[in-house]
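> The following file, input21.pdb, comprises PDB, C-alpha atoms:
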ATOM      1  CA  LYS A   1      39.155  -5.377 -40.740  1.00  0.00           C
ATOM      2  CA  ALA A   2      35.497  -5.644 -41.708  1.00  0.00           C
ATOM      3  CA  GLY A   3      33.297  -7.822 -39.517  1.00  0.00           C
ATOM      4  CA  VAL A   4      30.753 -10.444 -40.460  1.00  0.00           C
ATOM      5  CA  THR A   5      28.184  -9.026 -42.881  1.00  0.00           C
ATOM      6  CA  GLN A   6      24.669 -10.364 -43.183  1.00  0.00           C
ATOM      7  CA  THR A   7      22.074  -9.381 -45.759  1.00  0.00           C
ATOM      8  CA  PRO A   8      19.322  -8.455 -45.778  1.00  0.00           C
ATOM      9  CA  ARG A   9      18.805  -6.988 -42.288  1.00  0.00           C
ATOM     10  CA  TYR A  10      15.043  -7.469 -42.368  1.00  0.00           C
ATOM     11  CA  LEU A  11      12.723  -9.765 -44.288  1.00  0.00           C
ATOM     12  CA  ILE A  12       8.986 -10.241 -44.280  1.00  0.00           C
ATOM     13  CA  LYS A  13       7.594 -13.401 -45.842  1.00  0.00           C
ATOM     14  CA  THR A  14       4.327 -15.324 -45.785  1.00  0.00           C
ATOM     15  CA  ARG A  15       3.757 -18.932 -44.801  1.00  0.00           C
ATOM     16  CA  GLY A  16       4.736 -21.440 -47.449  1.00  0.00           C
ATOM     17  CA  GLN A  17       7.300 -19.202 -49.120  1.00  0.00           C
ATOM     18  CA  GLN A  18      11.021 -19.823 -49.091  1.00  0.00           C
ATOM     19  CA  VAL A  19      13.815 -17.450 -48.136  1.00  0.00           C
ATOM     20  CA  THR A  20      17.566 -17.173 -48.689  1.00  0.00           C
ATOM     21  CA  LEU A  21      19.859 -15.336 -46.280  1.00  0.00           C
ATOM     22  CA  SER A  22      23.438 -14.352 -47.025  1.00  0.00           C
ATOM     23  CA  CYS A  23      26.563 -14.125 -44.892  1.00  0.00           C
ATOM     24  CA  SER A  24      30.049 -12.815 -45.697  1.00  0.00           C
ATOM     25  CA  PRO A  25      32.610 -13.878 -43.073  1.00  0.00           C
ATOM     26  CA  ILE A  26      35.558 -11.902 -41.780  1.00  0.00           C
ATOM     27  CA  SER A  27      38.316 -11.828 -44.376  1.00  0.00           C
ATOM     28  CA  GLY A  28      40.485 -14.931 -44.006  1.00  0.00           C
ATOM     29  CA  HIS A  29      37.926 -16.877 -42.010  1.00  0.00           C
ATOM     30  CA  ARG A  30      36.925 -20.163 -43.600  1.00  0.00           C
ATOM     31  CA  SER A  31      34.287 -21.424 -41.174  1.00  0.00           C
ATOM     32  CA  VAL A  32      30.728 -20.096 -41.100  1.00  0.00           C
ATOM     33  CA  SER A  33      28.123 -21.135 -38.542  1.00  0.00           C
ATOM     34  CA  TRP A  34      24.435 -20.284 -38.501  1.00  0.00           C
ATOM     35  CA  TYR A  35      22.217 -19.790 -35.450  1.00  0.00           C
ATOM     36  CA  GLN A  36      18.535 -19.084 -34.862  1.00  0.00           C
ATOM     37  CA  GLN A  37      17.588 -16.746 -32.005  1.00  0.00           C
ATOM     38  CA  THR A  38      14.043 -16.577 -30.620  1.00  0.00           C
ATOM     39  CA  PRO A  39      12.723 -15.166 -27.335  1.00  0.00           C
ATOM     40  CA  GLY A  40      11.512 -18.599 -26.264  1.00  0.00           C
ATOM     41  CA  GLN A  41      14.395 -20.870 -27.295  1.00  0.00           C
ATOM     42  CA  GLY A  42      17.299 -18.444 -27.259  1.00  0.00           C
ATOM     43  CA  LEU A  43      20.245 -19.058 -29.565  1.00  0.00           C
ATOM     44  CA  GLN A  44      20.250 -22.462 -31.243  1.00  0.00           C
ATOM     45  CA  PHE A  45      22.881 -23.903 -33.564  1.00  0.00           C
ATOM     46  CA  LEU A  46      21.750 -24.675 -37.110  1.00  0.00           C
ATOM     47  CA  PHE A  47      24.883 -25.820 -38.984  1.00  0.00           C
ATOM     48  CA  GLU A  48      28.527 -25.092 -39.711  1.00  0.00           C
ATOM     49  CA  TYR A  49      30.394 -25.000 -43.011  1.00  0.00           C
ATOM     50  CA  PHE A  50      34.110 -25.134 -43.743  1.00  0.00           C
ATOM     51  CA  SER A  51      35.685 -25.193 -47.201  1.00  0.00           C
ATOM     52  CA  GLU A  52      32.279 -25.627 -48.863  1.00  0.00           C
ATOM     53  CA  THR A  53      31.458 -28.701 -46.739  1.00  0.00           C
ATOM     54  CA  GLN A  54      28.946 -29.013 -43.943  1.00  0.00           C
ATOM     55  CA  ARG A  55      30.918 -30.241 -40.939  1.00  0.00           C
ATOM     56  CA  ASN A  56      28.297 -30.053 -38.248  1.00  0.00           C
ATOM     57  CA  LYS A  57      24.517 -29.845 -38.010  1.00  0.00           C
ATOM     58  CA  GLY A  58      22.031 -29.015 -35.258  1.00  0.00           C
ATOM     59  CA  ASN A  59      18.573 -30.427 -34.628  1.00  0.00           C
ATOM     60  CA  PHE A  60      16.510 -28.573 -37.170  1.00  0.00           C
ATOM     61  CA  PRO A  61      14.216 -30.020 -39.875  1.00  0.00           C
ATOM     62  CA  GLY A  62      15.393 -30.508 -43.425  1.00  0.00           C
ATOM     63  CA  ARG A  63      13.590 -27.318 -44.476  1.00  0.00           C
ATOM     64  CA  PHE A  64      16.660 -25.528 -43.169  1.00  0.00           C
ATOM     65  CA  SER A  65      19.641 -25.886 -45.466  1.00  0.00           C
ATOM     66  CA  GLY A  66      22.799 -24.036 -46.295  1.00  0.00           C
ATOM     67  CA  ARG A  67      25.794 -23.898 -48.523  1.00  0.00           C
ATOM     68  CA  GLN A  68      29.184 -22.277 -48.695  1.00  0.00           C
ATOM     69  CA  PHE A  69      30.988 -20.935 -51.700  1.00  0.00           C
ATOM     70  CA  SER A  70      34.672 -21.070 -52.599  1.00  0.00           C
ATOM     71  CA  ASN A  71      35.172 -17.506 -51.284  1.00  0.00           C
ATOM     72  CA  SER A  72      33.778 -18.682 -47.867  1.00  0.00           C
ATOM     73  CA  ARG A  73      30.576 -16.677 -48.262  1.00  0.00           C
ATOM     74  CA  SER A  74      27.573 -18.679 -47.106  1.00  0.00           C
ATOM     75  CA  GLU A  75      23.853 -18.780 -47.726  1.00  0.00           C
ATOM     76  CA  MET A  76      21.081 -20.267 -45.651  1.00  0.00           C
ATOM     77  CA  ASN A  77      17.750 -21.319 -47.117  1.00  0.00           C
ATOM     78  CA  VAL A  78      14.472 -22.022 -45.384  1.00  0.00           C
ATOM     79  CA  SER A  79      11.770 -23.623 -47.492  1.00  0.00           C
ATOM     80  CA  THR A  80       8.029 -23.829 -46.830  1.00  0.00           C
ATOM     81  CA  LEU A  81       8.147 -21.163 -44.155  1.00  0.00           C
ATOM     82  CA  GLU A  82       6.123 -21.598 -40.967  1.00  0.00           C
ATOM     83  CA  LEU A  83       5.050 -18.945 -38.464  1.00  0.00           C
ATOM     84  CA  GLY A  84       7.478 -20.451 -35.944  1.00  0.00           C
ATOM     85  CA  ASP A  85      10.403 -19.675 -38.249  1.00  0.00           C
ATOM     86  CA  SER A  86      10.121 -16.001 -37.309  1.00  0.00           C
ATOM     87  CA  ALA A  87      13.425 -15.282 -35.639  1.00  0.00           C
ATOM     88  CA  LEU A  88      16.737 -13.472 -35.780  1.00  0.00           C
ATOM     89  CA  TYR A  89      19.115 -15.548 -37.899  1.00  0.00           C
ATOM     90  CA  LEU A  90      22.744 -15.031 -36.987  1.00  0.00           C
ATOM     91  CA  CYS A  91      25.867 -15.975 -38.842  1.00  0.00           C
ATOM     92  CA  ALA A  92      29.246 -16.358 -37.153  1.00  0.00           C
ATOM     93  CA  SER A  93      32.703 -16.873 -38.602  1.00  0.00           C
ATOM     94  CA  SER A  94      35.986 -18.267 -37.362  1.00  0.00           C
ATOM     95  CA  GLY A  95      39.296 -19.381 -38.812  1.00  0.00           C
ATOM     96  CA  GLY A  96      38.005 -22.934 -38.837  1.00  0.00           C
ATOM     97  CA  LEU A  97      41.323 -24.725 -38.451  1.00  0.00           C
ATOM     98  CA  ALA A  98      40.797 -25.651 -34.774  1.00  0.00           C
ATOM     99  CA  THR A  99      37.591 -27.051 -33.376  1.00  0.00           C
ATOM    100  CA  ASN A 100      37.032 -24.473 -30.646  1.00  0.00           C
ATOM    101  CA  GLU A 101      38.044 -21.180 -32.129  1.00  0.00           C
ATOM    102  CA  LYS A 102      36.384 -17.919 -31.183  1.00  0.00           C
ATOM    103  CA  LEU A 103      33.182 -17.177 -33.067  1.00  0.00           C
ATOM    104  CA  PHE A 104      32.425 -13.654 -34.280  1.00  0.00           C
ATOM    105  CA  PHE A 105      28.812 -12.838 -35.072  1.00  0.00           C
ATOM    106  CA  GLY A 106      27.153 -10.595 -37.588  1.00  0.00           C
ATOM    107  CA  SER A 107      24.173  -8.349 -36.792  1.00  0.00           C
ATOM    108  CA  GLY A 108      21.719 -10.909 -38.114  1.00  0.00           C
ATOM    109  CA  THR A 109      18.721 -11.044 -40.412  1.00  0.00           C
ATOM    110  CA  GLN A 110      15.370 -10.485 -38.726  1.00  0.00           C
ATOM    111  CA  LEU A 111      12.848 -12.745 -40.461  1.00  0.00           C
ATOM    112  CA  SER A 112       9.132 -12.251 -39.911  1.00  0.00           C
ATOM    113  CA  VAL A 113       6.737 -14.862 -41.269  1.00  0.00           C
ATOM    114  CA  LEU A 114       3.117 -13.732 -41.611  1.00  0.00           C
TER     115      LEU A 114
ATOM    116  CA  GLN B   1      16.365 -29.523 -18.309  1.00  0.00           C
ATOM    117  CA  LYS B   2      18.503 -27.230 -20.448  1.00  0.00           C
ATOM    118  CA  GLU B   3      22.222 -27.953 -20.724  1.00  0.00           C
ATOM    119  CA  VAL B   4      23.001 -24.360 -19.717  1.00  0.00           C
ATOM    120  CA  GLU B   5      20.918 -22.407 -17.213  1.00  0.00           C
ATOM    121  CA  GLN B   6      21.067 -18.640 -16.891  1.00  0.00           C
ATOM    122  CA  ASP B   7      18.809 -16.336 -14.905  1.00  0.00           C
ATOM    123  CA  PRO B   8      17.131 -14.040 -17.451  1.00  0.00           C
ATOM    124  CA  GLY B   9      16.755 -11.188 -14.978  1.00  0.00           C
ATOM    125  CA  PRO B  10      16.204  -8.357 -15.592  1.00  0.00           C
ATOM    126  CA  LEU B  11      18.969  -7.101 -13.366  1.00  0.00           C
ATOM    127  CA  SER B  12      19.003  -3.395 -12.522  1.00  0.00           C
ATOM    128  CA  VAL B  13      21.971  -1.753 -10.781  1.00  0.00           C
ATOM    129  CA  PRO B  14      23.152   1.814 -10.155  1.00  0.00           C
ATOM    130  CA  GLU B  15      26.103   3.180 -12.104  1.00  0.00           C
ATOM    131  CA  GLY B  16      29.406   2.207 -10.528  1.00  0.00           C
ATOM    132  CA  ALA B  17      28.106  -1.031  -8.987  1.00  0.00           C
ATOM    133  CA  ILE B  18      29.820  -4.396  -9.325  1.00  0.00           C
ATOM    134  CA  VAL B  19      27.699  -6.738 -11.420  1.00  0.00           C
ATOM    135  CA  SER B  20      27.771 -10.514 -11.072  1.00  0.00           C
ATOM    136  CA  LEU B  21      26.317 -12.699 -13.830  1.00  0.00           C
ATOM    137  CA  ASN B  22      26.217 -16.478 -13.593  1.00  0.00           C
ATOM    138  CA  CYS B  23      25.509 -19.672 -15.498  1.00  0.00           C
ATOM    139  CA  THR B  24      25.330 -23.295 -14.475  1.00  0.00           C
ATOM    140  CA  TYR B  25      25.682 -26.252 -16.800  1.00  0.00           C
ATOM    141  CA  SER B  26      25.180 -29.976 -16.733  1.00  0.00           C
ATOM    142  CA  ASN B  27      27.471 -31.321 -19.470  1.00  0.00           C
ATOM    143  CA  SER B  28      30.866 -32.173 -17.995  1.00  0.00           C
ATOM    144  CA  ALA B  29      32.336 -32.316 -21.521  1.00  0.00           C
ATOM    145  CA  PHE B  30      32.226 -28.522 -21.831  1.00  0.00           C
ATOM    146  CA  GLN B  31      35.752 -27.135 -21.755  1.00  0.00           C
ATOM    147  CA  TYR B  32      35.464 -23.769 -23.510  1.00  0.00           C
ATOM    148  CA  PHE B  33      33.500 -20.975 -21.900  1.00  0.00           C
ATOM    149  CA  MET B  34      32.512 -17.627 -23.364  1.00  0.00           C
ATOM    150  CA  TRP B  35      30.598 -14.511 -22.478  1.00  0.00           C
ATOM    151  CA  TYR B  36      28.897 -12.483 -25.169  1.00  0.00           C
ATOM    152  CA  ARG B  37      27.213  -9.083 -24.932  1.00  0.00           C
ATOM    153  CA  GLN B  38      24.236  -8.348 -27.149  1.00  0.00           C
ATOM    154  CA  TYR B  39      22.708  -4.924 -27.644  1.00  0.00           C
ATOM    155  CA  SER B  40      19.182  -4.590 -28.964  1.00  0.00           C
ATOM    156  CA  ARG B  41      18.912  -5.389 -32.688  1.00  0.00           C
ATOM    157  CA  LYS B  42      22.604  -6.376 -32.858  1.00  0.00           C
ATOM    158  CA  GLY B  43      24.513  -9.632 -32.973  1.00  0.00           C
ATOM    159  CA  PRO B  44      26.368 -11.040 -29.940  1.00  0.00           C
ATOM    160  CA  GLU B  45      29.797  -9.527 -29.303  1.00  0.00           C
ATOM    161  CA  LEU B  46      32.483 -11.728 -27.754  1.00  0.00           C
ATOM    162  CA  LEU B  47      33.640 -10.355 -24.385  1.00  0.00           C
ATOM    163  CA  MET B  48      35.560 -13.191 -22.749  1.00  0.00           C
ATOM    164  CA  TYR B  49      36.877 -16.584 -23.848  1.00  0.00           C
ATOM    165  CA  THR B  50      38.343 -19.045 -21.354  1.00  0.00           C
ATOM    166  CA  TYR B  51      39.506 -22.620 -21.474  1.00  0.00           C
ATOM    167  CA  SER B  52      38.900 -24.996 -18.547  1.00  0.00           C
ATOM    168  CA  SER B  53      38.873 -23.703 -14.960  1.00  0.00           C
ATOM    169  CA  GLY B  54      40.317 -20.477 -13.602  1.00  0.00           C
ATOM    170  CA  ASN B  55      40.019 -16.718 -13.839  1.00  0.00           C
ATOM    171  CA  LYS B  56      40.579 -14.303 -16.692  1.00  0.00           C
ATOM    172  CA  GLU B  57      40.592 -10.536 -16.457  1.00  0.00           C
ATOM    173  CA  ASP B  58      40.181  -7.956 -19.223  1.00  0.00           C
ATOM    174  CA  GLY B  59      39.763  -4.353 -18.130  1.00  0.00           C
ATOM    175  CA  ARG B  60      36.596  -4.058 -16.045  1.00  0.00           C
ATOM    176  CA  PHE B  61      35.565  -7.633 -16.851  1.00  0.00           C
ATOM    177  CA  THR B  62      36.553 -10.813 -14.989  1.00  0.00           C
ATOM    178  CA  ALA B  63      35.447 -14.293 -16.014  1.00  0.00           C
ATOM    179  CA  GLN B  64      35.581 -17.217 -13.598  1.00  0.00           C
ATOM    180  CA  VAL B  65      35.111 -20.896 -14.357  1.00  0.00           C
ATOM    181  CA  ASP B  66      34.621 -23.557 -11.696  1.00  0.00           C
ATOM    182  CA  LYS B  67      34.366 -26.882 -13.502  1.00  0.00           C
ATOM    183  CA  SER B  68      34.016 -28.858 -10.281  1.00  0.00           C
ATOM    184  CA  SER B  69      30.774 -26.993  -9.552  1.00  0.00           C
ATOM    185  CA  LYS B  70      29.792 -26.578 -13.224  1.00  0.00           C
ATOM    186  CA  TYR B  71      29.443 -22.849 -12.618  1.00  0.00           C
ATOM    187  CA  ILE B  72      30.750 -19.833 -14.501  1.00  0.00           C
ATOM    188  CA  SER B  73      30.598 -16.156 -13.654  1.00  0.00           C
ATOM    189  CA  LEU B  74      31.211 -12.775 -15.234  1.00  0.00           C
ATOM    190  CA  PHE B  75      31.983  -9.790 -13.033  1.00  0.00           C
ATOM    191  CA  ILE B  76      31.726  -6.216 -14.282  1.00  0.00           C
ATOM    192  CA  ARG B  77      33.439  -3.601 -12.140  1.00  0.00           C
ATOM    193  CA  ASP B  78      32.471   0.096 -12.126  1.00  0.00           C
ATOM    194  CA  SER B  79      29.442  -0.593 -14.289  1.00  0.00           C
ATOM    195  CA  GLN B  80      28.405   2.090 -16.790  1.00  0.00           C
ATOM    196  CA  PRO B  81      25.079   2.864 -18.496  1.00  0.00           C
ATOM    197  CA  SER B  82      26.727   1.710 -21.736  1.00  0.00           C
ATOM    198  CA  ASP B  83      26.995  -1.777 -20.189  1.00  0.00           C
ATOM    199  CA  SER B  84      23.193  -2.053 -20.373  1.00  0.00           C
ATOM    200  CA  ALA B  85      22.641  -5.048 -22.655  1.00  0.00           C
ATOM    201  CA  THR B  86      21.864  -8.758 -22.623  1.00  0.00           C
ATOM    202  CA  TYR B  87      24.749 -10.964 -21.502  1.00  0.00           C
ATOM    203  CA  LEU B  88      24.911 -14.487 -22.849  1.00  0.00           C
ATOM    204  CA  CYS B  89      27.061 -17.295 -21.570  1.00  0.00           C
ATOM    205  CA  ALA B  90      28.118 -19.920 -24.103  1.00  0.00           C
ATOM    206  CA  MET B  91      30.009 -23.192 -23.929  1.00  0.00           C
ATOM    207  CA  SER B  92      31.417 -25.837 -26.170  1.00  0.00           C
ATOM    208  CA  ALA B  93      33.016 -29.234 -25.938  1.00  0.00           C
ATOM    209  CA  ARG B  94      36.180 -30.364 -27.684  1.00  0.00           C
ATOM    210  CA  GLY B  95      36.023 -32.444 -30.827  1.00  0.00           C
ATOM    211  CA  SER B  96      35.170 -32.406 -34.507  1.00  0.00           C
ATOM    212  CA  SER B  97      31.470 -33.000 -33.784  1.00  0.00           C
ATOM    213  CA  ASN B  98      31.380 -29.645 -32.023  1.00  0.00           C
ATOM    214  CA  THR B  99      32.920 -27.397 -34.664  1.00  0.00           C
ATOM    215  CA  GLY B 100      31.101 -24.070 -34.753  1.00  0.00           C
ATOM    216  CA  LYS B 101      28.602 -25.301 -32.156  1.00  0.00           C
ATOM    217  CA  LEU B 102      28.092 -23.247 -29.024  1.00  0.00           C
ATOM    218  CA  ILE B 103      25.462 -23.975 -26.384  1.00  0.00           C
ATOM    219  CA  PHE B 104      24.048 -20.703 -25.085  1.00  0.00           C
ATOM    220  CA  GLY B 105      22.294 -19.701 -21.914  1.00  0.00           C
ATOM    221  CA  GLN B 106      19.062 -17.737 -22.218  1.00  0.00           C
ATOM    222  CA  GLY B 107      20.829 -14.454 -21.519  1.00  0.00           C
ATOM    223  CA  THR B 108      20.580 -12.000 -18.617  1.00  0.00           C
ATOM    224  CA  THR B 109      19.238  -8.509 -19.312  1.00  0.00           C
ATOM    225  CA  LEU B 110      21.251  -5.891 -17.441  1.00  0.00           C
ATOM    226  CA  GLN B 111      20.267  -2.267 -16.915  1.00  0.00           C
ATOM    227  CA  VAL B 112      22.740   0.165 -15.391  1.00  0.00           C
ATOM    228  CA  LYS B 113      20.997   3.318 -14.172  1.00  0.00           C
ATOM    229  CA  PRO B 114      22.868   6.659 -14.167  1.00  0.00           C
TER     230      PRO B 114
END
When written as structure tokens, how does the structure in this file appear?

Amino acid sequence: KAGVTQTPRYLIKTRGQQVTLSCSPISGHRSVSWYQQTPGQGLQFLFEYFSETQRNKGNFPGRFSGRQFSNSRSEMNVSTLELGDSALYLCASSGGLATNEKLFFGSGTQLSVL
Amino acid sequence: QKEVEQDPGPLSVPEGAIVSLNCTYSNSAFQYFMWYRQYSRKGPELLMYTYSSGNKEDGRFTAQVDKSSKYISLFIRDSQPSDSATYLCAMSARGSSNTGKLIFGQGTTLQVKP
């Protein structure tokens, strides 16, 4: 069974630009969560989607948004990039039917903002 | 104060040693406790998943949860150089407002020397 797939693996952007990251969950999983990982703050929860609806959201500014498609694939968008947005962005999937199911992570997208 | 505290290390041990990794937490609502392993430039890999207090064993790994002390541990027996990685504890509370949301420790970097 294929794991969680994230594309692209690396991205370099400049301040003020926007970026879209993609995540394909494990086959059959309907919940996708997004996390930001930085050396200073560690792993922080961004948001969670289930059946194309955002069910939960972390404490990030509105520049961070996401969506989920009918096939459970998800995208995350960051607008007006800032230097502090440089991070590893991780996607995780789970079945989504229970509130505390195991989360399985992808390898992430390393975003560098110059 | 962070909700989950974890000593970042680094921790260096000789091959074959028993490794003890720990986290403390402040939120008494946490009921689900996880340990993830993360290799450089990879996403976190789920090692152990436990509910409430008690012990769980899987091969060379043992997870312990003491909710009365708000303290969780991961023990690695007969450590191998391939165990060299960052180990992250993670926790979540029950309820719809916590779907997909894990609170992570900062991670402990472990090096096992041959």
> In file coordinates, which residues lie within 8 Å of (36.8, -23.6, -50.3) using all atoms listed in the file, given as a list of chain:residue names?
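Collected hits near the coordinates: A:Arg30, A:Phe50, A:Ser51, A:Glu52, A:Gln68, A:Phe69, A:Ser70, A:Asn71, A:Ser72.
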> Translate the PyMOL selection byres ((chain A and resi 112) around 6) into a concrete residue list for this structure, as number ranges by chain.
A: 12, 86, 111, 113
> Taking the file as I've supplied it (selection: the ChimeraX specification (/A :<9) & /B), which residues are included? Please answer as a list in words.
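Output of the ChimeraX specification (/A :<9) & /B: Tyr32, Met34, Arg41, Lys42, Gly43, Pro44, Glu45, Leu46, Tyr49, Ser92, Ala93, Arg94, Gly95, Ser96, Ser97, Asn98, Thr99, Gly100, Lys101, Leu102, Ile103, Phe104, Gly105, Gln106 and Gly107 of chain B.
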> Could you tell me which residues the PyMOL selection byres ((chain B and resi 55) around 10) returns for this structure, as JSON, numbers by chain?
{"B": [50, 51, 52, 53, 54, 56, 57, 62, 63, 64, 65, 66, 72, 73, 74]}
> Find the residues near segment 20-24 of chain A: any atom within 7 Å, counting only C-alpha atoms, skip ones fewer than 5 places away on the same chain, and give them as a count of residues only.
12
> Give the padded box for segment 51-69 of chain B as JSON: axis-aligned, covering all atoms listed in the file, 8 Å on each side, centre and edge lengths in Å to one decimal.

{"center_x": 35.7, "center_y": -16.5, "center_z": -15.5, "size_x": 25.8, "size_y": 40.8, "size_z": 27.9}
> To one decimal place in Å, what is the distance between atom CA of Met91 of chain B and atom CA of Ser20 of chain B?
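Distance between the two atoms: 18.2 Å.
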> Find the residues near Gln80 of chain B: any atom within 12 Å, counting only C-alpha atoms, skip ones fewer than 2 places away on the same chain, and give them as a list in words.
Ser12, Val13, Pro14, Glu15, Gly16, Ala17, Ile18, Val19, Arg60, Ile76, Arg77, Asp78, Ser82, Asp83, Ser84, Ala85, Leu110, Gln111, Val112, Lys113 and Pro114 of chain B
> List the residues sitting within 10 Å of (8.5, -18.9, -48.2) in the file's frame, using all atoms listed in the file, as a tab-separated table (two decimals) with C-alpha atoms, in the coordinates of the input.

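Wrote it out as out-v8.tsv, contents follow:
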chain	number	residue	atom	x	y	z
A	12	ILE	CA	8.99	-10.24	-44.28
A	13	LYS	CA	7.59	-13.40	-45.84
A	14	THR	CA	4.33	-15.32	-45.78
A	15	ARG	CA	3.76	-18.93	-44.80
A	16	GLY	CA	4.74	-21.44	-47.45
A	17	GLN	CA	7.30	-19.20	-49.12
A	18	GLN	CA	11.02	-19.82	-49.09
A	19	VAL	CA	13.82	-17.45	-48.14
A	20	THR	CA	17.57	-17.17	-48.69
A	77	ASN	CA	17.75	-21.32	-47.12
A	78	VAL	CA	14.47	-22.02	-45.38
A	79	SER	CA	11.77	-23.62	-47.49
A	80	THR	CA	8.03	-23.83	-46.83
A	81	LEU	CA	8.15	-21.16	-44.16
A	82	GLU	CA	6.12	-21.60	-40.97
A	113	VAL	CA	6.74	-14.86	-41.27
A	114	LEU	CA	3.12	-13.73	-41.61
> To one decimal place, how far is atom CA of Thr109 of chain B from atom CA of Phe75 of chain B in Å?
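Distance between the two atoms: 14.3 Å.
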> Please measure the separation of atom CA of Ala90 of chain B and atom CA of Phe33 of chain B, giving the value in Å to one decimal.
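Distance reported for this atom pair: 5.9 Å.
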> Counting only C-alpha atoms, figure out which residue out of B:Ser79, B:Tyr71, B:Pro8, B:Leu88 gets nearest to Gly59 of chain B.
B:Ser79
> Which residue out of B:Tyr36, B:Phe61, B:Tyr87, B:Phe30 has the minimum interatomic distance to Gln6 of chain B when all atoms listed in the file are used?
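Nearest to Gln6 of chain B: B:Tyr87.
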> Would you mind telling me which residue in A:Gln36, A:Tyr10, A:Pro25, A:Gly3 lies nearest to Phe64 of chain A when using all atoms listed in the file?
A:Gln36
> Would you mind completing segment 7-12 of chain A to all heavy atoms and writing the output as a PDB file, in the frame of the given file?

ATOM      1  N   THR A   7      23.103 -10.071 -44.994  1.00  0.00           N
ATOM      2  CA  THR A   7      22.074  -9.381 -45.759  1.00  0.00           C
ATOM      3  C   THR A   7      20.932 -10.323 -46.084  1.00  0.00           C
ATOM      4  O   THR A   7      21.138 -11.538 -46.221  1.00  0.00           O
ATOM      5  CB  THR A   7      22.655  -8.837 -47.084  1.00  0.00           C
ATOM      6  OG1 THR A   7      23.231  -9.924 -47.829  1.00  0.00           O
ATOM      7  CG2 THR A   7      23.693  -7.770 -46.835  1.00  0.00           C
ATOM      8  N   PRO A   8      19.713  -9.804 -46.170  1.00  0.00           N
ATOM      9  CA  PRO A   8      19.322  -8.455 -45.778  1.00  0.00           C
ATOM     10  C   PRO A   8      19.196  -8.349 -44.259  1.00  0.00           C
ATOM     11  O   PRO A   8      19.311  -9.338 -43.552  1.00  0.00           O
ATOM     12  CB  PRO A   8      17.958  -8.309 -46.464  1.00  0.00           C
ATOM     13  CG  PRO A   8      17.392  -9.694 -46.425  1.00  0.00           C
ATOM     14  CD  PRO A   8      18.561 -10.619 -46.633  1.00  0.00           C
ATOM     15  N   ARG A   9      18.988  -7.151 -43.745  1.00  0.00           N
ATOM     16  CA  ARG A   9      18.805  -6.988 -42.288  1.00  0.00           C
ATOM     17  C   ARG A   9      17.405  -7.389 -41.848  1.00  0.00           C
ATOM     18  O   ARG A   9      17.217  -7.906 -40.747  1.00  0.00           O
ATOM     19  CB  ARG A   9      19.067  -5.537 -41.896  1.00  0.00           C
ATOM     20  CG  ARG A   9      20.524  -5.182 -41.894  1.00  0.00           C
ATOM     21  CD  ARG A   9      21.257  -5.734 -40.660  1.00  0.00           C
ATOM     22  NE  ARG A   9      20.974  -4.956 -39.474  1.00  0.00           N
ATOM     23  CZ  ARG A   9      20.481  -5.470 -38.343  1.00  0.00           C
ATOM     24  NH1 ARG A   9      20.212  -6.765 -38.235  1.00  0.00           N
ATOM     25  NH2 ARG A   9      20.265  -4.695 -37.299  1.00  0.00           N
ATOM     26  N   TYR A  10      16.433  -7.144 -42.692  1.00  0.00           N
ATOM     27  CA  TYR A  10      15.043  -7.469 -42.368  1.00  0.00           C
ATOM     28  C   TYR A  10      14.373  -8.126 -43.572  1.00  0.00           C
ATOM     29  O   TYR A  10      14.667  -7.783 -44.717  1.00  0.00           O
ATOM     30  CB  TYR A  10      14.263  -6.200 -41.994  1.00  0.00           C
ATOM     31  CG  TYR A  10      14.851  -5.440 -40.840  1.00  0.00           C
ATOM     32  CD1 TYR A  10      15.732  -4.384 -41.053  1.00  0.00           C
ATOM     33  CD2 TYR A  10      14.541  -5.786 -39.521  1.00  0.00           C
ATOM     34  CE1 TYR A  10      16.289  -3.691 -39.982  1.00  0.00           C
ATOM     35  CE2 TYR A  10      15.092  -5.096 -38.454  1.00  0.00           C
ATOM     36  CZ  TYR A  10      15.958  -4.050 -38.689  1.00  0.00           C
ATOM     37  OH  TYR A  10      16.509  -3.369 -37.632  1.00  0.00           O
ATOM     38  N   LEU A  11      13.481  -9.069 -43.259  1.00  0.00           N
ATOM     39  CA  LEU A  11      12.723  -9.765 -44.288  1.00  0.00           C
ATOM     40  C   LEU A  11      11.332 -10.059 -43.761  1.00  0.00           C
ATOM     41  O   LEU A  11      11.179 -10.476 -42.608  1.00  0.00           O
ATOM     42  CB  LEU A  11      13.382 -11.100 -44.638  1.00  0.00           C
ATOM     43  CG  LEU A  11      14.361 -11.201 -45.797  1.00  0.00           C
ATOM     44  CD1 LEU A  11      14.907 -12.618 -45.891  1.00  0.00           C
ATOM     45  CD2 LEU A  11      13.709 -10.782 -47.099  1.00  0.00           C
ATOM     46  N   ILE A  12      10.345  -9.851 -44.618  1.00  0.00           N
ATOM     47  CA  ILE A  12       8.986 -10.241 -44.280  1.00  0.00           C
ATOM     48  C   ILE A  12       8.500 -11.204 -45.356  1.00  0.00           C
ATOM     49  O   ILE A  12       8.555 -10.886 -46.542  1.00  0.00           O
ATOM     50  CB  ILE A  12       8.047  -9.029 -44.193  1.00  0.00           C
ATOM     51  CG1 ILE A  12       8.514  -8.068 -43.108  1.00  0.00           C
ATOM     52  CG2 ILE A  12       6.605  -9.491 -43.900  1.00  0.00           C
ATOM     53  CD1 ILE A  12       7.708  -6.783 -43.018  1.00  0.00           C
TER      54      ILE A  12
END
